[in-house]
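One structure is given here, and the rest of the page talks about it.
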2 protein chains.
Amino acid sequence: MTVSYTYNRAERVSAESRDKVLQAAAELGYAGPDPAARSLRYGSTRTLGVILGEHLTYAFDNPQAVTFLAGIAEVCADRGYGMLIVPIAGGAEDSLRVSEAAVDAFIIWTTTDDDPVLDAVSGSGRPAVIHGGPARAGFRLVSIDNRAAAFAMGMKTFAGATRPAILSFPLDSSRKTVLAAGIDPDTVRFPVTRQRLLGYRDAIEALGLDWNDVIVGATATNNEGEASSLAERMFALEHPIDAIAAMSDDLAIGVLGAAVSAQRPVPVTLSVSGWDDSRAAALHQLSSVAQDLRAQGARAARLALGEESVPASDGWSIVVRASTGQPATRRPDPD
Amino acid sequence: MTVSYTYNRAERVSAESRDKVLQAAAELGYAGPDPAARSLRYGSTRTLGVILGEHLTYAFDNPQAVTFLAGIAEVCADRGYGMLIVPIAGGAEDSLRVSEAAVDAFIIWTTTDDDPVLDAVSGSGRPAVIHGGPARAGFRLVSIDNRAAAFAMGMKTFAGATRPAILSFPLDSSRKTVLAAGIDPDTVRFPVTRQRLLGYRDAIEALGLDWNDVIVGATATNNEGEASSLAERMFALEHPIDAIAAMSDDLAIGVLGAAVSAQRPVPVTLSVSGWDDSRAAALHQLSSVAQDLRAQGARAARLALGEESVPASDGWSIVVRASTGQPATRRPDPD
DNA sequence: CTGTTAGCGCTTTCAG
DNA sequence: CTGAAAGCGCTAACAG
């Protein structure tokens, strides 16, 4: 029929027949080409699939994931690509959802080394970009060097401390709350968490401290309240903690809260650092590892679309504020 | 071929031929049924389309929109439905993107009365649920009664004030910053903003004040810094403002910041209220209108899926903290 | 400029 | 339990 031309190559059809087609369409309630049929025909869906963590719902509570998403959205909006959030719920059907997803490529928010969803993505045969890790054959990786960044921040946070501790993301997918010393980073199945622990350990060792004495607290979620209670437990130890490097600003701010209650002035008696340099970090004078997750999201999208091929390394920096070290005078943040 | 059965009704195929099929698939690099072809055949995509505001990118910067999204995601993850974020970029192609979206139904985040995207959704013939408004024939509406909530909060915020003001979202899609008195709410094309202005006006009138004297400041974005500068301008007026009702907690917190700089103690010389009862509101002792956007997102998704039919009204409440009125003693927030 | 034909990959009858 | 045939709605290529 001429119908197809009417919708696709308006120029190849006379105004007269176009009107006739459009009118007939209106009468019949025809709403234009069916997108599914179109995708089938074209062999492309003009849609990027986004896989967010072990359970979709947590992801939206995580400001870092949302920022990353915003970066993807920016590129998608510009290119007219849809962004399909794949319904991952932590169950056996997750893999099925991945193979059922009508997308041209996948972008994956960091997950465990052995997440079966990763196999499903590989099995789908579609291009994939993963943020943070795990690295996999066939997956492009978008990530900062978490180990190096953790090392740099560890050097700052633990300098002069005698009893350092780390406030970590969960160590495995059971997400059990943990408070223990001498955790072996290599047993951790979340690559980002593992790399950060390794970096902190590098710093501990560079500072001449013993990793086996270092307390690692792991929260079940990225939650301020939980961080507070873990920090309280750290303060109640025989040798109370005097430096805490946290893997997120939210966790670090929980620590700051607990420090106030426990009358442990920061940074005089306690050095604290966070991660991602959020607005809240600036507000609380919190030292933090800065990275541009939005830019990383945008880059992930461009890689997924095949617009970029050389996976440039992503930048990070250490933002030092009043929560680490013992500055002679505290100054208000210039921000 | 038996192939289809292998993937869809494993029980209707002998183990032997199933293995044969699977092996052949592995050799040929066949990754399972093509989702597009499947959707075409089934006539359903098992995907919900989400349309986020005038430009996708802003939406992710808006914590309210993100919370709403989390509610949708919850339902989608549970039902195994995909969630397609439609690439809206504020241009002429937006309508095209809508008709190209391979989804079973749409969920729309509130927009202007005359947003052409709404016509595209109607034209697509698919079910649609809209959050906040505008109401339209054929669209289900999920919203609180913004006018009633604004009235209630206005009564609280403006009580005892002689020079009340409102800090509003943009008044039209030009998003120009505005600071003026006697704004006619009915000229505002954003239904949510309009309803809230109407509610505040109801309160002003109920309190015996004159709407034409009421200063309305409208920010270009939902941004704390911008709110601060507008508040400063309000403090510099001949009759300085002594009560400000803001349409978001972010805006209200900007006001609180400006109040500190301008040495206008809250609530003694200035009454302030916000909207959405965020964590930050509790932290800043800010009175706020509370609504459960996550639940609204979930309900929107259920409506879109046809699981609910009676559009129940959504609840709201007024959370009064130390920023409004002049309580005899300030108490720390129990939260 | 308009109409026909074939086929994208799948699933669902219906026969063997 | 397996195979064949039809058709979901579309568009590219080709004739008229």
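The chains in the structure tokens are called A, B, ... from first to last as shown; in each chain the residues are counted from 1, and the ligands are counted from 1 in the order shown.
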Chain D contacts on chain A, only C-alpha atoms (C1' of nucleotides), 10 Å, as a PyMOL selection string: chain A and resi 4-5+8+33-42
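Once Met247 in chain A and its same-chain neighbours fewer than 3 positions away are set aside, Ala150, Ile166, Leu167, Ser168, Phe169, Val192, Thr193, Arg196, Leu197, Ala218, Asn222, Ile244, Asp250, Leu251, Ala252, Ser273, Gly274, Trp275, Asp276, Ser288 and Val289 of chain A remain within 10 Å of it when counting only C-alpha atoms (C1' of nucleotides).
Among the candidates B:Leu118, B:Ala227, B:Ala280, B:Ile183, the residue lying nearest to chain A is B:Ala280 (atoms considered: only C-alpha atoms).
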List the spatial neighbours of range 202-212 of chain A as a list in words - criterion: any atom at most 9 Å away, only C-alpha atoms (C1' of nucleotides), same-chain residues fewer than 5 positions off excluded. Arg147, Ala148, Ala150, Phe151, Ala152, Met153, Gly154, Met155, Lys156, Phe158, Ala159, Gly160, Thr162, Arg163, Pro164, Ala181, Gly182, Ile183 and Leu197 of chain A
Selected residues, N, CA and C atoms, written as a CSV table (one decimal), in the first residue's frame, please.
chain,number,residue,atom,x,y,z
A,147,ARG,N,40.7,1.1,42.8
A,147,ARG,CA,41.7,0.7,43.7
A,147,ARG,C,42.7,1.9,43.9
A,148,ALA,N,43.0,2.6,42.8
A,148,ALA,CA,43.9,3.7,43.0
A,148,ALA,C,43.2,4.9,43.7
A,150,ALA,N,40.8,4.6,46.0
A,150,ALA,CA,40.7,4.2,47.4
A,150,ALA,C,42.1,4.3,48.1
A,151,PHE,N,43.1,4.0,47.4
A,151,PHE,CA,44.5,4.1,47.9
A,151,PHE,C,44.7,5.6,48.3
A,152,ALA,N,44.5,6.5,47.3
A,152,ALA,CA,44.7,7.9,47.5
A,152,ALA,C,43.9,8.4,48.7
A,153,MET,N,42.6,8.1,48.8
A,153,MET,CA,41.8,8.5,49.9
A,153,MET,C,42.2,7.9,51.2
A,154,GLY,N,42.6,6.6,51.1
A,154,GLY,CA,43.1,5.9,52.3
A,154,GLY,C,44.3,6.6,52.9
A,155,MET,N,45.2,7.0,52.1
A,155,MET,CA,46.4,7.7,52.6
A,155,MET,C,46.0,9.0,53.3
A,156,LYS,N,45.0,9.6,52.8
A,156,LYS,CA,44.6,10.9,53.4
A,156,LYS,C,43.8,10.6,54.7
A,158,PHE,N,43.7,7.8,56.6
A,158,PHE,CA,44.3,7.0,57.7
A,158,PHE,C,45.6,7.7,58.2
A,159,ALA,N,46.1,8.8,57.6
A,159,ALA,CA,47.3,9.4,58.0
A,159,ALA,C,47.3,9.8,59.4
A,160,GLY,N,48.2,9.3,60.2
A,160,GLY,CA,48.3,9.6,61.6
A,160,GLY,C,47.4,8.8,62.5
A,162,THR,N,45.8,5.5,64.4
A,162,THR,CA,46.4,4.2,64.9
A,162,THR,C,45.4,3.1,64.8
A,163,ARG,N,44.1,3.5,64.6
A,163,ARG,CA,43.1,2.4,64.7
A,163,ARG,C,42.1,2.7,63.6
A,164,PRO,N,42.5,2.5,62.3
A,164,PRO,CA,41.7,2.8,61.2
A,164,PRO,C,40.6,1.8,61.0
A,181,ALA,N,37.6,-7.8,61.6
A,181,ALA,CA,38.9,-7.4,61.2
A,181,ALA,C,39.5,-8.5,60.2
A,182,GLY,N,40.5,-8.0,59.5
A,182,GLY,CA,41.2,-8.9,58.6
A,182,GLY,C,40.4,-9.6,57.5
A,183,ILE,N,39.4,-8.8,57.0
A,183,ILE,CA,38.7,-9.3,55.9
A,183,ILE,C,39.6,-9.5,54.7
A,197,LEU,N,38.4,-2.0,48.6
A,197,LEU,CA,39.0,-2.6,49.8
A,197,LEU,C,40.5,-2.8,49.5
Residues within 12 Å of Tyr7 in chain A, please, as a PyMOL selection string. Count only C-alpha atoms (C1' of nucleotides); anything in the same chain fewer than 6 positions from it doesn't count. (chain A and resi 1+13+17-19+21-22+25+30-34+38) or (chain B and resi 96+99-100) or (chain D and resi 10-11)
12 Å contact set for Val260 in chain B, only C-alpha atoms (C1' of nucleotides), chain neighbours under 5 positions out, as a count of residues only: 12
